[in-house]
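Colleague: Sharing query_34.csv here; it has CSV, C-alpha atoms.
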```csv
chain,number,residue,atom,x,y,z
A,1,LEU,CA,1.2,-21.2,18.8
A,2,SER,CA,-2.4,-20.3,18.0
A,3,ALA,CA,-1.3,-17.1,16.3
A,4,LYS,CA,1.2,-19.0,14.2
A,5,LEU,CA,-1.4,-21.4,13.1
A,6,GLU,CA,-3.8,-18.6,12.2
A,7,ALA,CA,-1.0,-16.9,10.2
A,8,ALA,CA,-0.2,-20.2,8.4
A,9,ARG,CA,-3.9,-20.8,7.5
A,10,LEU,CA,-4.3,-17.2,6.2
A,11,LEU,CA,-1.1,-17.4,4.1
A,12,ALA,CA,-2.1,-20.8,2.6
A,13,SER,CA,-5.6,-19.5,1.6
A,14,PHE,CA,-4.5,-16.0,0.6
A,15,ALA,CA,-4.4,-16.7,-3.2
A,16,ARG,CA,-8.1,-17.7,-3.1
A,17,ILE,CA,-9.3,-14.5,-1.5
A,18,ASP,CA,-11.3,-12.3,-4.0
A,19,GLY,CA,-10.1,-8.8,-3.4
A,20,GLU,CA,-12.8,-7.4,-5.6
A,21,ARG,CA,-15.3,-8.2,-2.8
A,22,PHE,CA,-13.4,-5.9,-0.4
A,23,MET,CA,-12.7,-2.8,-2.5
A,24,ASN,CA,-15.1,-0.6,-0.4
A,25,ILE,CA,-13.8,-1.6,3.1
A,26,THR,CA,-10.6,-0.5,4.7
A,27,VAL,CA,-7.6,-2.7,5.4
A,28,GLN,CA,-8.2,-2.2,9.1
A,29,GLU,CA,-11.9,-3.2,8.8
A,30,TRP,CA,-10.9,-6.4,6.8
A,31,LEU,CA,-8.3,-7.4,9.3
A,32,ASP,CA,-10.7,-6.9,12.2
A,33,GLN,CA,-13.2,-9.1,10.4
A,34,SER,CA,-10.8,-11.8,9.2
A,35,VAL,CA,-8.0,-12.0,11.8
A,36,SER,CA,-8.2,-12.7,15.5
A,37,HIS,CA,-4.6,-12.3,16.9
A,38,ARG,CA,-2.9,-9.0,17.2
A,39,GLU,CA,0.4,-10.4,16.1
A,40,VAL,CA,-1.1,-11.8,12.9
A,41,LYS,CA,-2.7,-8.4,12.1
A,42,GLU,CA,0.7,-6.7,12.5
A,43,PHE,CA,2.4,-9.3,10.3
A,44,VAL,CA,-0.2,-8.9,7.6
A,45,LEU,CA,0.0,-5.1,7.8
A,46,ALA,CA,3.8,-5.4,7.3
A,47,ALA,CA,3.2,-7.5,4.2
A,48,PHE,CA,0.7,-5.0,2.9
A,49,ARG,CA,3.1,-2.2,3.4
A,50,VAL,CA,6.0,-3.8,1.5
A,51,ALA,CA,3.6,-4.8,-1.4
A,52,THR,CA,1.9,-1.4,-1.7
A,53,TYR,CA,4.3,1.1,0.0
A,54,THR,CA,1.2,2.3,1.8
A,55,ASN,CA,0.9,2.9,5.6
A,56,ALA,CA,-2.7,3.9,6.0
A,57,PRO,CA,-4.8,0.9,7.1
A,58,ALA,CA,-7.8,3.2,8.1
A,59,LEU,CA,-8.0,4.6,4.6
A,60,MET,CA,-6.7,2.2,2.0
A,61,SER,CA,-9.0,-0.2,0.2
A,62,ALA,CA,-8.6,-3.8,1.5
A,63,GLY,CA,-9.4,-5.1,-1.9
A,64,ALA,CA,-6.6,-3.1,-3.6
A,65,ALA,CA,-4.1,-4.2,-0.9
A,66,ILE,CA,-5.1,-7.9,-1.2
A,67,GLU,CA,-4.9,-8.0,-4.9
A,68,GLN,CA,-1.4,-6.3,-4.8
A,69,LEU,CA,-0.1,-8.8,-2.2
A,70,LYS,CA,-1.4,-11.7,-4.3
A,71,LYS,CA,0.6,-10.4,-7.2
A,72,ALA,CA,3.7,-10.1,-5.0
A,73,GLN,CA,3.3,-13.7,-3.8
A,74,ASP,CA,2.7,-15.0,-7.3
A,75,LYS,CA,5.3,-13.2,-9.3
A,76,SER,CA,7.5,-11.5,-6.7
A,77,VAL,CA,9.6,-8.5,-7.9
A,78,LEU,CA,12.1,-8.1,-10.7
A,79,TYR,CA,15.2,-6.0,-10.0
A,80,LEU,CA,16.6,-4.4,-13.1
A,81,ASP,CA,20.4,-4.4,-13.9
A,82,ARG,CA,21.5,-0.7,-13.8
A,83,GLY,CA,18.2,0.3,-12.3
A,84,TRP,CA,15.1,2.0,-13.8
A,85,GLN,CA,17.2,3.6,-16.4
A,86,THR,CA,17.3,0.3,-18.2
A,87,LEU,CA,13.5,0.4,-18.6
A,88,VAL,CA,13.4,4.0,-19.6
A,89,ASP,CA,16.1,3.5,-22.2
A,90,GLY,CA,14.2,0.5,-23.6
A,91,LEU,CA,10.9,2.4,-23.8
A,92,ARG,CA,12.7,5.3,-25.6
A,93,ILE,CA,14.3,3.0,-28.2
A,94,ALA,CA,11.0,1.3,-28.9
A,95,ALA,CA,9.1,4.7,-29.2
A,96,GLU,CA,11.7,6.2,-31.5
A,97,GLY,CA,11.7,3.1,-33.6
A,98,ALA,CA,7.9,3.5,-34.0
A,99,GLY,CA,8.4,7.1,-35.2
A,100,VAL,CA,7.7,9.0,-32.0
A,101,LEU,CA,9.3,12.4,-31.7
A,102,ILE,CA,10.7,12.9,-28.2
A,103,GLU,CA,11.7,16.4,-27.2
A,104,THR,CA,13.3,17.0,-23.8
A,105,GLU,CA,13.6,20.2,-21.7
A,106,ALA,CA,10.5,21.6,-23.5
A,107,ARG,CA,8.4,22.7,-20.6
A,108,VAL,CA,4.6,22.7,-21.1
A,109,GLU,CA,3.0,25.9,-19.9
A,110,ALA,CA,-0.7,25.0,-20.6
A,111,ILE,CA,-3.0,22.7,-22.4
A,112,THR,CA,-5.4,25.0,-24.3
A,113,ARG,CA,-9.0,24.3,-25.1
A,114,ASN,CA,-11.2,25.2,-28.0
A,115,ALA,CA,-14.7,26.8,-28.0
A,116,ALA,CA,-16.3,23.5,-27.6
A,117,GLY,CA,-14.2,22.7,-24.5
A,118,GLY,CA,-12.0,20.1,-26.1
A,119,VAL,CA,-8.2,20.1,-26.4
A,120,SER,CA,-6.7,22.4,-29.0
A,121,SER,CA,-3.0,22.6,-28.3
A,122,ALA,CA,0.0,22.3,-25.9
A,123,ARG,CA,1.6,25.7,-25.3
A,124,LEU,CA,5.3,25.6,-24.4
A,125,LYS,CA,7.1,28.0,-22.1
A,126,ASP,CA,9.3,29.1,-25.0
A,127,GLY,CA,6.2,30.4,-26.8
A,128,ARG,CA,5.7,27.6,-29.2
A,129,GLU,CA,2.2,26.1,-29.6
A,130,LEU,CA,1.8,22.5,-30.7
A,131,LYS,CA,-1.6,21.9,-32.3
A,132,ALA,CA,-3.2,18.7,-31.0
A,133,SER,CA,-6.7,17.2,-31.0
A,134,THR,CA,-5.6,14.6,-28.4
A,135,VAL,CA,-3.2,15.1,-25.4
A,136,ALA,CA,-2.1,12.4,-22.9
A,137,ILE,CA,-0.6,13.7,-19.7
A,138,ALA,CA,1.5,11.5,-17.4
A,139,ALA,CA,1.6,13.6,-14.2
A,140,SER,CA,0.1,13.9,-10.8
A,141,PRO,CA,-3.6,15.0,-10.4
A,142,SER,CA,-2.5,18.5,-9.1
A,143,VAL,CA,-0.1,19.0,-12.0
A,144,VAL,CA,-2.8,18.1,-14.5
A,145,VAL,CA,-5.1,20.7,-13.0
A,146,GLU,CA,-2.3,23.3,-13.2
A,147,LEU,CA,-1.7,22.5,-16.9
A,148,VAL,CA,-5.2,22.4,-18.3
A,149,GLU,CA,-7.1,25.6,-19.0
A,150,ASN,CA,-10.2,26.0,-16.9
A,151,ALA,CA,-9.6,22.7,-15.1
A,152,PRO,CA,-11.5,23.8,-12.0
A,153,SER,CA,-14.7,23.4,-13.9
A,154,THR,CA,-14.0,19.8,-14.9
A,155,SER,CA,-13.7,16.5,-13.1
A,156,LEU,CA,-10.0,17.0,-13.0
A,157,ALA,CA,-10.4,19.3,-10.0
A,158,ARG,CA,-12.4,16.7,-8.1
A,159,TRP,CA,-9.8,14.0,-8.8
A,160,ALA,CA,-7.1,16.3,-7.4
A,161,ARG,CA,-9.1,17.1,-4.3
A,162,GLU,CA,-9.8,13.4,-3.6
A,163,ALA,CA,-6.2,12.3,-4.1
A,164,VAL,CA,-4.3,11.1,-1.0
A,165,PRO,CA,-0.6,10.8,-2.0
A,166,VAL,CA,1.4,7.8,-0.6
A,167,LYS,CA,4.8,8.9,0.7
A,168,ALA,CA,8.0,7.3,2.0
A,169,ALA,CA,11.2,8.5,3.5
A,170,CYS,CA,14.2,6.8,1.8
A,171,LEU,CA,17.9,6.5,2.7
A,172,ASP,CA,20.1,5.1,0.0
A,173,VAL,CA,23.7,4.2,0.7
A,174,ALA,CA,26.5,3.0,-1.6
A,175,LEU,CA,29.1,1.0,0.3
A,176,LYS,CA,32.6,-0.2,-0.5
A,177,CYS,CA,31.6,-3.6,0.7
A,178,LEU,CA,28.8,-5.3,2.6
A,179,PRO,CA,29.7,-5.8,6.3
A,180,ARG,CA,27.3,-8.7,6.7
A,181,PRO,CA,26.9,-10.3,3.3
A,182,LYS,CA,24.1,-12.6,4.3
A,183,ALA,CA,21.9,-9.8,5.8
A,184,THR,CA,20.2,-8.6,2.7
A,185,PHE,CA,16.6,-7.9,3.8
A,186,ALA,CA,14.7,-6.6,6.8
A,187,LEU,CA,11.1,-5.7,7.3
A,188,GLY,CA,9.7,-4.0,10.3
A,189,ILE,CA,6.6,-5.5,12.0
A,190,ASP,CA,6.3,-3.2,15.0
A,191,ARG,CA,7.6,-0.2,13.0
A,192,PRO,CA,6.9,0.7,9.3
A,193,LEU,CA,10.5,0.1,8.2
A,194,TYR,CA,12.2,-1.7,5.2
A,195,LEU,CA,15.7,-2.4,4.2
A,196,SER,CA,17.0,-4.3,1.1
A,197,VAL,CA,20.4,-4.8,-0.5
A,198,HIS,CA,19.2,-4.5,-4.1
A,199,SER,CA,22.7,-5.0,-5.4
A,200,ALA,CA,22.4,-8.6,-4.2
A,201,ALA,CA,19.7,-9.2,-6.8
A,202,ALA,CA,20.8,-7.0,-9.7
A,203,ARG,CA,23.9,-5.2,-11.1
A,204,LEU,CA,23.5,-1.9,-9.3
A,205,ALA,CA,27.1,-1.5,-8.0
A,206,PRO,CA,30.6,-2.5,-8.9
A,207,ASP,CA,31.7,-6.0,-8.0
A,208,GLY,CA,32.4,-6.3,-4.3
A,209,SER,CA,30.5,-3.1,-3.4
A,210,ALA,CA,26.9,-2.7,-2.4
A,211,MET,CA,23.8,-0.6,-2.8
A,212,ILE,CA,21.3,-0.6,0.1
A,213,HIS,CA,17.9,1.0,0.2
A,214,ALA,CA,16.2,1.7,3.5
A,215,ALA,CA,12.8,3.3,3.8
A,216,LYS,CA,10.1,4.3,6.2
A,217,TYR,CA,6.5,4.0,5.0
A,218,LEU,CA,4.9,7.3,6.0
A,219,PRO,CA,1.3,7.7,7.2
A,220,PRO,CA,-0.7,10.5,5.5
A,221,ASP,CA,-0.7,12.5,8.8
A,222,HIS,CA,3.0,12.0,9.7
A,223,SER,CA,4.6,14.9,11.6
A,224,ASP,CA,8.0,13.6,12.5
A,225,SER,CA,10.9,15.9,11.5
A,226,SER,CA,13.1,14.7,8.7
A,227,ASP,CA,16.1,14.6,11.0
A,228,LEU,CA,14.3,12.2,13.3
A,229,VAL,CA,13.3,10.0,10.5
A,230,GLU,CA,16.8,10.0,9.0
A,231,ARG,CA,18.3,8.9,12.4
A,232,GLU,CA,15.7,6.1,12.6
A,233,LEU,CA,16.8,4.8,9.2
A,234,GLU,CA,20.4,5.1,10.2
A,235,SER,CA,19.6,3.0,13.3
A,236,LEU,CA,18.0,0.4,11.1
A,237,LEU,CA,21.3,0.2,9.0
A,238,ASP,CA,23.3,0.0,12.3
A,239,LEU,CA,21.2,-3.0,13.3
A,240,VAL,CA,21.4,-4.9,10.0
A,241,GLN,CA,24.8,-3.8,8.7
A,242,PRO,CA,26.9,-2.6,11.6
A,243,GLY,CA,30.0,-0.7,10.5
A,244,TRP,CA,28.4,0.7,7.4
A,245,ARG,CA,29.2,4.3,8.4
A,246,ASP,CA,32.9,3.7,7.9
A,247,ILE,CA,32.7,2.4,4.3
A,248,VAL,CA,30.2,4.9,2.7
A,249,VAL,CA,30.9,5.9,-0.9
A,250,TYR,CA,27.7,7.9,-1.3
A,251,ARG,CA,24.5,8.5,0.6
A,252,ARG,CA,21.2,10.2,-0.3
A,253,PHE,CA,18.3,10.9,2.0
A,254,LEU,CA,14.9,11.7,0.6
A,255,PRO,CA,12.6,12.6,3.4
A,256,ASP,CA,9.2,13.0,1.7
A,257,MET,CA,9.1,11.0,-1.6
A,258,VAL,CA,5.8,10.6,-3.4
A,259,VAL,CA,5.5,6.8,-4.1
A,260,MET,CA,2.0,6.8,-5.5
A,261,ASN,CA,0.1,9.9,-6.5
A,262,ALA,CA,-3.3,8.7,-5.1
A,263,MET,CA,-4.0,5.9,-2.7
A,264,PRO,CA,-6.9,3.6,-3.7
A,265,THR,CA,-9.1,4.3,-0.8
A,266,ALA,CA,-12.1,2.3,0.5
A,267,ALA,CA,-14.2,5.5,0.4
A,268,LEU,CA,-13.7,5.7,-3.4
A,269,ASN,CA,-14.2,1.9,-3.9
A,270,GLY,CA,-10.5,1.0,-4.3
A,271,THR,CA,-9.1,0.7,-7.8
A,272,ARG,CA,-12.6,0.5,-9.2
A,273,GLY,CA,-13.1,4.2,-8.2
A,274,ARG,CA,-10.0,5.6,-10.0
A,275,PRO,CA,-10.5,7.9,-12.9
A,276,GLY,CA,-9.7,7.7,-16.6
A,277,PRO,CA,-7.7,7.3,-18.7
A,278,GLN,CA,-10.2,9.3,-20.8
A,279,VAL,CA,-11.4,12.5,-19.2
A,280,PRO,CA,-15.2,12.4,-19.7
A,281,ASP,CA,-15.9,16.1,-19.7
A,282,LEU,CA,-12.9,17.3,-21.6
A,283,PRO,CA,-12.8,15.8,-25.2
A,284,GLY,CA,-9.4,14.8,-26.4
A,285,LEU,CA,-7.7,14.7,-23.0
A,286,PHE,CA,-6.2,11.6,-21.4
A,287,VAL,CA,-4.5,11.0,-18.1
A,288,VAL,CA,-2.1,8.2,-17.3
A,289,GLY,CA,-0.2,7.2,-14.2
A,290,ASP,CA,-0.2,5.2,-11.0
A,291,TRP,CA,-3.5,6.9,-10.0
A,292,VAL,CA,-5.4,6.1,-13.2
A,293,GLY,CA,-7.5,3.1,-14.3
A,294,SER,CA,-8.8,0.0,-12.5
A,295,GLU,CA,-5.8,-2.2,-13.0
A,296,GLY,CA,-2.9,-2.7,-10.6
A,297,LEU,CA,-0.9,-0.3,-8.4
A,298,LEU,CA,2.4,1.6,-8.8
A,299,VAL,CA,4.2,1.0,-12.1
A,300,ASP,CA,1.6,-1.7,-13.0
A,301,ALA,CA,-1.1,0.9,-12.9
A,302,ALA,CA,1.0,3.5,-14.8
A,303,LEU,CA,1.8,1.1,-17.7
A,304,ALA,CA,-1.8,-0.4,-17.8
A,305,SER,CA,-3.4,3.1,-18.0
A,306,ALA,CA,-0.9,4.2,-20.7
A,307,LYS,CA,-1.7,1.0,-22.7
A,308,ARG,CA,-5.5,1.6,-22.3
A,309,ALA,CA,-5.2,5.3,-23.3
A,310,ALA,CA,-3.2,4.2,-26.4
A,311,GLU,CA,-5.8,1.7,-27.4
A,312,ILE,CA,-8.6,4.3,-27.2
A,313,ILE,CA,-6.6,6.9,-29.0
A,314,SER,CA,-5.7,4.5,-31.8
A,315,GLU,CA,-9.3,3.9,-32.4
A,316,THR,CA,-9.8,7.6,-33.2
A,317,GLU,CA,-9.5,8.5,-36.9
A,318,SER,CA,-6.2,10.3,-37.5
A,319,PRO,CA,-5.8,12.0,-34.1
A,320,THR,CA,-3.1,14.8,-33.8
A,321,LEU,CA,-1.4,13.7,-30.6
A,322,ALA,CA,0.9,15.4,-28.1
A,323,ALA,CA,2.0,13.3,-25.1
A,324,ILE,CA,3.1,15.4,-22.0
A,325,VAL,CA,5.2,13.6,-19.4
```
Go through the file and emit its structure as structure tokens.
Modeller:
Amino acid sequence: LSAKLEAARLLASFARIDGERFMNITVQEWLDQSVSHREVKEFVLAAFRVATYTNAPALMSAGAAIEQLKKAQDKSVLYLDRGWQTLVDGLRIAAEGAGVLIETEARVEAITRNAAGGVSSARLKDGRELKASTVAIAASPSVVVELVENAPSTSLARWAREAVPVKAACLDVALKCLPRPKATFALGIDRPLYLSVHSAAARLAPDGSAMIHAAKYLPPDHSDSSDLVERELESLLDLVQPGWRDIVVYRRFLPDMVVMNAMPTAALNGTRGRPGPQVPDLPGLFVVGDWVGSEGLLVDAALASAKRAAEIISETESPTLAAIV
């Protein structure tokens, strides 16, 4: 009873917690300071995992986790009909309507630099060179370092060294029907597991059929074999949707997905310590993504950093721009 009362008080006051005060302490440190009961700590950790996809309480910034969970409580999540492709298609239509030239399957080999150290062009694998005074790259820190000439001598190399990727193992199954129609969500408290029937909230499957996503939030030092993790997720499906194996239309197991390219750690002051989008020691270069900027996590951070980069670039007089995704 005392643990339930503590959990109720914490949930009731959570919206008033200022996460900015806790950017430089870890989730575990914050829980040890703020919560007495072990059961409540485990419950809050589960809530942090589902809001941030991160299973690293000894590393992650408590402030970043708190602010993300507050957003999840306030606005919840929107599931898109037909999935992420809906968002991608909408962005492409808007970009082309604004005069953006989009070229697919044009692999970038290098971002070249001029004598002053600034951006000069984007060199493609087919030999073409696109002259550009400004380049925005939407990629992971390690990929940015690989693309940019002489990157090891810039802050890009440090950003790549400091990045701790957030990963998850995912099992997606498409079923002819849902064995237990009312069992649409499960969240592990004692284990870092998640299951959701996304087709119950959006049009992701034909009428009468179902799309289920199961995941395990992986710690940075995880060493379990992919076979063991896959069996663990199958057991979760057995528990929530018994009989699913007999009605599978399609299944996909992704054992080591990168969910977020760099965790906002307490050691780097949470989201306040993230880079960019403007690279300070490489004129004309911008980075955008879920590891960039002080605003939000995951797709929120990706879109916010892209918006901020666009604002800065638009203030430059007639930039020649190449955006590399």
Colleague: Record the distance separating CA of Ala51 in chain A and CA of His37 in chain A, expressed in Å with one decimal.
Modeller: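 Computed distance, CA of Ala51 in chain A to CA of His37 in chain A, equals 21.4 Å.
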Colleague: Could you produce a table of the residues of range 226-316 of chain A lying within 10 Å of range 91-114 of chain A, with the nearest pair of atoms per residue and their separation in Å rounded to one decimal, using only C-alpha atoms, ordered by chain and increasing residue number, as a Markdown table?
Modeller:
```
| residue | atom | partner | partner_atom | distance |
| --- | --- | --- | --- | --- |
| A:Leu282 | CA | A:Arg113 | CA | 8.7 |
| A:Pro283 | CA | A:Arg113 | CA | 9.3 |
| A:Gly284 | CA | A:Arg113 | CA | 9.6 |
| A:Leu285 | CA | A:Ile111 | CA | 9.3 |
```
Colleague: If you keep C-alpha atoms, can you produce a file of those selected residues as a compact mmCIF listing (two decimals), keeping the file's coordinate frame?
Modeller:
```txt
# COMPACT_ATOMS: atom_id res chain seq x y z
CA LEU A 282 -12.90 17.30 -21.60
CA PRO A 283 -12.80 15.80 -25.20
CA GLY A 284 -9.40 14.80 -26.40
CA LEU A 285 -7.70 14.70 -23.00
```
Colleague: First collect every listed atom of range 29-32 of chain A; then fit an axis-aligned box around them, widen it by 5 Å on each side, and give centre and edge lengths in Å to one decimal, as JSON.
Modeller:
```
{"center_x": -10.1, "center_y": -5.3, "center_z": 9.5, "size_x": 13.6, "size_y": 14.2, "size_z": 15.4}
```
Colleague: Name the residues in contact with Pro165 in chain A at a cut-off of 12 Å, using only C-alpha atoms, excluding same-chain residues fewer than 6 positions from it; report them as an NGL selection string.
Modeller: :A and (53-56 or 59-60 or 140-142 or 159 or 218-221 or 256-265 or 290-291 or 298)
Colleague: So what do you get for CA of Glu42 in chain A versus CA of Leu187 in chain A, distance-wise?
Modeller: 11.7 Å
Colleague: Rounded to one decimal place, report the CA of Ala8 in chain A-CA of Lys41 in chain A distance in Å.
Modeller: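 Spanning CA of Ala8 in chain A to CA of Lys41 in chain A is a straight-line distance of 12.6 Å.
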Colleague: Using all atoms listed in the file, determine which residues lie at most 8 Å from Val229 in chain A, disregarding the query and same-chain residues fewer than 6 positions distant; provide the list as a PyMOL selection string.
Modeller: chain A and resi 169+216+255
Colleague: Show me, as a VMD selection string, the residues that have an atom within 6 Å of Val288 in chain A when counting only C-alpha atoms, minus same-chain residues fewer than 2 positions from it.
Modeller: chain A and resid 138 277 292 305 to 306
Colleague: With C-alpha atoms retained, write the just-selected residues as a JSON list (two decimals), keeping the file's coordinate frame.
Modeller:
```
[["chain", "number", "residue", "atom", "x", "y", "z"],
["A", 138, "ALA", "CA", 1.50, 11.50, -17.40],
["A", 277, "PRO", "CA", -7.70, 7.30, -18.70],
["A", 292, "VAL", "CA", -5.40, 6.10, -13.20],
["A", 305, "SER", "CA", -3.40, 3.10, -18.00],
["A", 306, "ALA", "CA", -0.90, 4.20, -20.70]]
```
Colleague: Identify which of the residues A:Glu315, A:Glu295, A:Asp224, A:Asp281 lies closest to Leu156 in chain A, counting all atoms listed in the file when measuring atom-to-atom distances.
Modeller: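 Ranked by minimum distance to Leu156 in chain A, first place goes to A:Asp281.
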Colleague: Determine, counting all atoms listed in the file, which protein, DNA and RNA residues have an atom within 10 Å of an atom of Lys70 in chain A; residues of the same chain fewer than 5 positions away are not included. Present the result as a list in words.
Modeller: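 The residues satisfying every condition are Phe14, Ala15, Arg16, Ile17, Asp18, Gly19, Ala51, Ala65, Lys75 and Ser76 of chain A.
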